[in-house]
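For reference, the structure discussed in these notes is given below.
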Amino acid sequence: MAVDNQTRQQGPISLSDEEAVKQLLVSTVFGLWDIVNNLTRLKPSRRQRYRVTIFGSARAQPGSFVYEEVKRIAAALTAMGCDIITGGGPGLMQAANEGAASVGAEERDRSVGIRVELPFEQEVNPFVEQAFEHKTFFSRLHHFVLTSDAYVVTPGGVGTVLELMLIWQLLQVKHVHDAPLILVGSMWSELVDWARKNLLNPELNLASPEDISIPVCVSTADQVIALLREQPAKWQETITG
């Protein structure tokens, strides 16, 4: 929507002038987005540890195979010197936070939860050691991006699909750089196969082969751990070198 130059000028606007009021509101909202975009350019000058976000379903139950495997992934990564970040809720988010907390690291922020307010979801899970609260999915997703060095996507529903697709696209357009995106389980390999079949269809030409190669699909917890084993040390070299 174009913003009339007159609304950018200083001066009172009568509430009876509906068009001018509308234009003022639009220009003000766009100005707020400019402020938000500028603020998100700020990055911490230094972090002590490599950070891995683990996405996954809120519905998985403790004791189930997938819950225990996600807990094992998080524990192994924490032992390697990583912080673990999740959505802070139940299910596989709790499994990851529980795995991180089980290692007993002295630092109290090794198990992080980034939550969004929902009318039907429980409070932050008991294994989160540092919690953040968001009003919107937009700001919450951006928080994941700002604070993470790698992403592990475990089985999940619509919310997990949203998280996966956001990270995939940001890597595609190079707004995020050199961040492993690891998808665990056949449901994700089938999604990537679908993307390869349809997005690389020569009649449509919707993506490039390198776009489809961004996510790495694996089937076991041990494969996730192996793929990330060298990453904390490499990351440390880049920030100290």
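Simple scheme: letters A, B, ... for chains in structure tokens order, numbers from 1 for residues in each chain, numbers from 1 for ligands in the order shown.
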
Using only C-alpha atoms, which residues sit within 12 Å of stretch 159-167 of chain A once same-chain residues fewer than 4 positions away are excluded, as a tab-separated table (two decimals) with N, CA and C atoms, in the first residue's frame?
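Once everything was written out, this is around-v1.tsv:
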```tsv
chain	number	residue	atom	x	y	z
A	53	THR	N	19.39	-26.05	18.29
A	53	THR	CA	17.95	-26.06	18.52
A	53	THR	C	17.39	-27.40	18.08
A	54	ILE	N	16.56	-27.99	18.93
A	54	ILE	CA	15.88	-29.24	18.61
A	54	ILE	C	14.39	-28.97	18.55
A	55	PHE	N	13.82	-29.15	17.36
A	55	PHE	CA	12.39	-28.99	17.14
A	55	PHE	C	11.71	-30.35	17.20
A	56	GLY	N	10.46	-30.40	17.65
A	56	GLY	CA	9.73	-31.66	17.65
A	56	GLY	C	8.36	-31.55	18.30
A	57	SER	N	7.64	-32.63	18.24
A	57	SER	CA	6.24	-32.68	18.67
A	57	SER	C	6.08	-32.42	20.17
A	58	ALA	N	4.98	-31.74	20.51
A	58	ALA	CA	4.60	-31.56	21.91
A	58	ALA	C	3.81	-32.75	22.45
A	59	ARG	N	3.49	-33.73	21.60
A	59	ARG	CA	2.58	-34.80	21.99
A	59	ARG	C	3.27	-36.10	22.38
A	86	THR	N	15.03	-25.39	22.82
A	86	THR	CA	13.77	-25.98	22.34
A	86	THR	C	12.66	-24.94	22.44
A	87	GLY	N	11.46	-25.38	22.06
A	87	GLY	CA	10.29	-24.53	22.24
A	87	GLY	C	9.80	-24.47	23.67
A	92	LEU	N	8.60	-33.81	22.80
A	92	LEU	CA	10.01	-33.93	22.41
A	92	LEU	C	10.81	-32.69	22.78
A	93	MET	N	10.14	-31.57	22.99
A	93	MET	CA	10.84	-30.41	23.54
A	93	MET	C	11.31	-30.72	24.95
A	116	VAL	N	5.93	-19.73	23.20
A	116	VAL	CA	4.94	-18.80	22.70
A	116	VAL	C	3.66	-19.04	23.49
A	137	PHE	N	4.22	-16.14	17.14
A	137	PHE	CA	5.11	-17.11	16.51
A	137	PHE	C	6.21	-16.41	15.73
A	138	PHE	N	5.90	-15.25	15.15
A	138	PHE	CA	6.89	-14.54	14.36
A	138	PHE	C	8.13	-14.21	15.18
A	140	ARG	N	9.02	-15.40	18.06
A	140	ARG	CA	9.61	-16.62	18.62
A	140	ARG	C	10.51	-17.31	17.59
A	141	LEU	N	10.02	-17.45	16.36
A	141	LEU	CA	10.83	-18.08	15.32
A	141	LEU	C	12.09	-17.29	15.04
A	142	HIS	N	11.97	-15.97	15.06
A	142	HIS	CA	13.15	-15.14	14.83
A	142	HIS	C	14.15	-15.32	15.96
A	143	HIS	N	13.67	-15.50	17.18
A	143	HIS	CA	14.56	-15.74	18.32
A	143	HIS	C	15.37	-17.02	18.12
A	144	PHE	N	14.71	-18.08	17.65
A	144	PHE	CA	15.44	-19.32	17.33
A	144	PHE	C	16.58	-19.04	16.36
A	145	VAL	N	16.28	-18.26	15.33
A	145	VAL	CA	17.28	-17.99	14.30
A	145	VAL	C	18.45	-17.21	14.87
A	146	LEU	N	18.16	-16.21	15.70
A	146	LEU	CA	19.21	-15.35	16.24
A	146	LEU	C	20.14	-16.09	17.20
A	148	SER	N	20.78	-19.63	17.40
A	148	SER	CA	21.13	-21.03	17.12
A	148	SER	C	22.24	-21.15	16.08
A	149	ASP	N	23.02	-22.20	16.23
A	149	ASP	CA	24.09	-22.51	15.28
A	149	ASP	C	23.80	-23.75	14.46
A	150	ALA	N	22.87	-24.57	14.90
A	150	ALA	CA	22.48	-25.79	14.18
A	150	ALA	C	21.05	-26.13	14.57
A	151	TYR	N	20.39	-26.90	13.70
A	151	TYR	CA	18.98	-27.24	13.90
A	151	TYR	C	18.78	-28.73	13.67
A	152	VAL	N	18.12	-29.37	14.64
A	152	VAL	CA	17.77	-30.78	14.52
A	152	VAL	C	16.25	-30.86	14.56
A	153	VAL	N	15.66	-31.44	13.52
A	153	VAL	CA	14.20	-31.53	13.42
A	153	VAL	C	13.79	-32.98	13.63
A	154	THR	N	13.09	-33.24	14.72
A	154	THR	CA	12.62	-34.58	15.05
A	154	THR	C	11.13	-34.67	14.68
A	155	PRO	N	10.51	-35.84	14.77
A	155	PRO	CA	9.12	-35.95	14.36
A	155	PRO	C	8.21	-34.92	15.04
A	171	LEU	N	18.23	-20.61	4.98
A	171	LEU	CA	19.48	-21.17	4.46
A	171	LEU	C	19.54	-21.05	2.94
A	172	GLN	N	18.39	-21.26	2.30
A	172	GLN	CA	18.34	-21.17	0.84
A	172	GLN	C	18.72	-19.77	0.35
A	173	VAL	N	18.16	-18.74	0.99
A	173	VAL	CA	18.42	-17.38	0.54
A	173	VAL	C	19.63	-16.76	1.24
A	174	LYS	N	20.32	-17.57	2.05
A	174	LYS	CA	21.57	-17.17	2.71
A	174	LYS	C	21.39	-16.04	3.72
A	175	HIS	N	20.21	-15.99	4.33
A	175	HIS	CA	20.05	-15.14	5.51
A	175	HIS	C	20.60	-15.84	6.74
A	176	VAL	N	20.73	-17.15	6.68
A	176	VAL	CA	21.43	-17.95	7.68
A	176	VAL	C	22.54	-18.69	6.96
A	177	HIS	N	23.73	-18.72	7.57
A	177	HIS	CA	24.89	-19.30	6.91
A	177	HIS	C	25.48	-20.44	7.75
A	178	ASP	N	25.93	-21.47	7.07
A	178	ASP	CA	26.74	-22.53	7.69
A	178	ASP	C	26.10	-23.13	8.93
A	179	ALA	N	24.78	-23.27	8.92
A	179	ALA	CA	24.07	-23.89	10.04
A	179	ALA	C	23.54	-25.23	9.59
A	180	PRO	N	24.03	-26.33	10.15
A	180	PRO	CA	23.49	-27.64	9.78
A	180	PRO	C	21.99	-27.72	10.06
A	181	LEU	N	21.26	-28.31	9.12
A	181	LEU	CA	19.83	-28.58	9.27
A	181	LEU	C	19.64	-30.08	9.10
A	182	ILE	N	19.41	-30.76	10.21
A	182	ILE	CA	19.37	-32.23	10.23
A	182	ILE	C	17.95	-32.67	10.52
A	183	LEU	N	17.40	-33.51	9.63
A	183	LEU	CA	16.04	-34.01	9.76
A	183	LEU	C	16.08	-35.47	10.15
A	184	VAL	N	15.38	-35.81	11.23
A	184	VAL	CA	15.46	-37.17	11.78
A	184	VAL	C	14.14	-37.90	11.56
A	187	MET	N	9.55	-39.50	8.02
A	187	MET	CA	8.56	-38.51	7.61
A	187	MET	C	9.23	-37.32	6.93
A	188	TRP	N	10.43	-36.96	7.38
A	188	TRP	CA	11.13	-35.84	6.78
A	188	TRP	C	11.83	-36.23	5.49
A	191	LEU	N	9.31	-36.00	2.94
A	191	LEU	CA	9.03	-34.61	2.58
A	191	LEU	C	10.09	-34.09	1.60
A	192	VAL	N	11.33	-34.40	1.87
A	192	VAL	CA	12.40	-33.96	0.96
A	192	VAL	C	12.27	-34.64	-0.40
A	195	ALA	N	9.71	-32.76	-2.23
A	195	ALA	CA	10.25	-31.49	-2.72
A	195	ALA	C	11.11	-31.73	-3.96
A	211	ASP	N	19.21	-26.29	-3.50
A	211	ASP	CA	18.21	-25.96	-2.48
A	211	ASP	C	17.71	-27.22	-1.78
A	212	ILE	N	17.49	-28.27	-2.56
A	212	ILE	CA	16.96	-29.51	-2.01
A	212	ILE	C	18.00	-30.25	-1.19
A	214	ILE	N	19.99	-28.90	0.97
A	214	ILE	CA	20.29	-28.19	2.22
A	214	ILE	C	20.02	-29.06	3.45
A	215	PRO	N	18.84	-29.64	3.61
A	215	PRO	CA	18.62	-30.48	4.79
A	215	PRO	C	19.30	-31.84	4.62
A	216	VAL	N	19.84	-32.34	5.70
A	216	VAL	CA	20.46	-33.67	5.72
A	216	VAL	C	19.51	-34.61	6.46
```

Neighbours of A:Ser189 within 7 Å (only C-alpha atoms; same-chain residues fewer than 4 positions away dropped), as a ChimeraX atom specification?
/A:185,193,217

Which of stretch 21-206 of chain A fall in strand (DSSP E), as a PyMOL selection string
chain A and resi 50-55+82-86+111-116+130-134+150-153+181-184

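Residue nearest A:Ile85, chosen from A:Ala233, A:Val52, A:Val70, A:Val103 and counting only C-alpha atoms: A:Val52.
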
So, counting only C-alpha atoms, which residue among A:Gln94, A:Tyr50, A:Asn125, A:Ile35 is closest to A:Met80?
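The closest residue to A:Met80 is A:Tyr50.
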
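All residues of protein, DNA or RNA that reach within 8 Å of A:Arg72, judged by only C-alpha atoms and not counting those fewer than 6 positions away in the chain, are Ala96, Gly99 and Ala221 of chain A.
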